[in-house]
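> Got a structure here, written out as structure tokens. Questions coming.
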Amino acid sequence: MGVLIHIFVALHIIGIAALLGGFLTQMKAMGQGTARFVPAMLHGALTMLVTGVILVGLNEADHHHVNNIKIGVKLLVLIVILGLVYVKRDEERVDKNMFGVVGLLTAVNIFIAVLWT
């Protein structure tokens, strides 16, 4: 079970890398007001959602303690990110404030994962 959990943790990290990487590649465009949500951001967020749910299930099945409040907060932040990216995914330009919020929420989700013990 441990190996399976580690595989899904790796996939979860790949998802956050795609989401954050997509944001970082658009930072220059954000400054110019021409940023857009690239497909990597949507796919990364979806990967995080699916692997996160699987990780919670695997950890529960393996009798590990899961901090449900932490997971709930992370899920809420991710749903907001997914909603913003999904709704605006086909637009050529996204408001820089909305784009910045997605980047900020992505960073918040990372810090919650790392610092909330």
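Chain labels A, B, ... are given in the sequence in which chains occur in the structure tokens; within each chain residues are numbered consecutively from 1, and ligands are likewise numbered from 1 in the order shown.
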If you count only C-alpha atoms, which residues fall within 8 Å of Leu20 (chain A), apart from same-chain ones fewer than 3 positions away, as a CSV table (one decimal) with C-alpha atoms, in the first residue's frame?

chain,number,residue,atom,x,y,z
A,16,ILE,CA,0.7,21.1,-8.8
A,17,ALA,CA,3.8,21.5,-11.0
A,23,PHE,CA,0.9,30.2,-14.1
A,24,LEU,CA,4.6,31.1,-14.1
A,41,MET,CA,-3.3,24.8,-15.6
A,103,GLY,CA,-1.6,32.1,-8.7
A,106,THR,CA,-2.1,27.9,-5.9
> I'd like the contact shell of His64 (chain A) - 12 Å cut-off, only C-alpha atoms, skipping same-chain residues fewer than 3 positions apart - returned as an mmCIF file with C-alpha atoms, in the first residue's frame.

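out22.cif was written with the following content:
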data_model
loop_
_atom_site.group_PDB
_atom_site.id
_atom_site.type_symbol
_atom_site.label_atom_id
_atom_site.label_comp_id
_atom_site.auth_asym_id
_atom_site.auth_seq_id
_atom_site.Cartn_x
_atom_site.Cartn_y
_atom_site.Cartn_z
ATOM 1 C CA MET A 1 0.000 0.000 0.000
ATOM 2 C CA GLY A 2 2.915 2.333 0.787
ATOM 3 C CA ILE A 5 0.517 5.983 -1.863
ATOM 4 C CA LEU A 55 -4.712 9.722 -1.585
ATOM 5 C CA VAL A 56 -7.279 10.406 1.119
ATOM 6 C CA GLY A 57 -8.963 7.083 0.372
ATOM 7 C CA LEU A 58 -5.689 5.143 0.325
ATOM 8 C CA ASN A 59 -4.520 6.704 3.589
ATOM 9 C CA GLU A 60 -7.848 5.978 5.260
ATOM 10 C CA ALA A 61 -7.726 2.394 3.985
ATOM 11 C CA ASN A 67 -6.571 15.690 8.994
ATOM 12 C CA ASN A 68 -10.025 16.193 7.510
#
> Tell me which of A:Arg93, A:Trp116, A:Leu78, A:Val9 sits closest to Thr34 (chain A), counting only C-alpha atoms.
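Checking each of A:Arg93, A:Trp116, A:Leu78, A:Val9 against Thr34 (chain A), counting only C-alpha atoms, the winner is A:Arg93.
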> Excluding region 44-46 of chain A and its own-chain neighbours fewer than 6 positions away, which residues fall within 12 Å of it when counting only C-alpha atoms? Please give them as a ChimeraX atom specification.
/A:11-23,37-38,52-53,74-75,77-86,102-103,105-106,109
> Smallest atom-to-atom distance to His65 (chain A): which of A:Ala35, A:Glu92, A:Ile7, A:Thr117, using only C-alpha atoms?
A:Thr117
> DSSP says alpha helix (DSSP H) for which residues of region 25-106 of chain A? Put them as a PyMOL selection string?
chain A and resi 25+27-32+39-61+68-87+96-106
> Kindly give the distance, in Å, that separates CA of Leu76 (chain A) and CA of Gln32 (chain A), rounded to a single decimal.
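Computed distance, CA of Leu76 (chain A) to CA of Gln32 (chain A), equals 29.9 Å.
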> Go ahead and compute the interatomic distance for CA of Arg36 (chain A) and CA of Phe99 (chain A), in Å to one decimal.
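Taking CA of Arg36 (chain A) and CA of Phe99 (chain A), their separation equals 7.7 Å.
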> Have a look at CA of Leu42 (chain A) and CA of Glu91 (chain A) and let me know their distance in Å, one decimal.
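Interatomic distance, CA of Leu42 (chain A) to CA of Glu91 (chain A): 13.3 Å.
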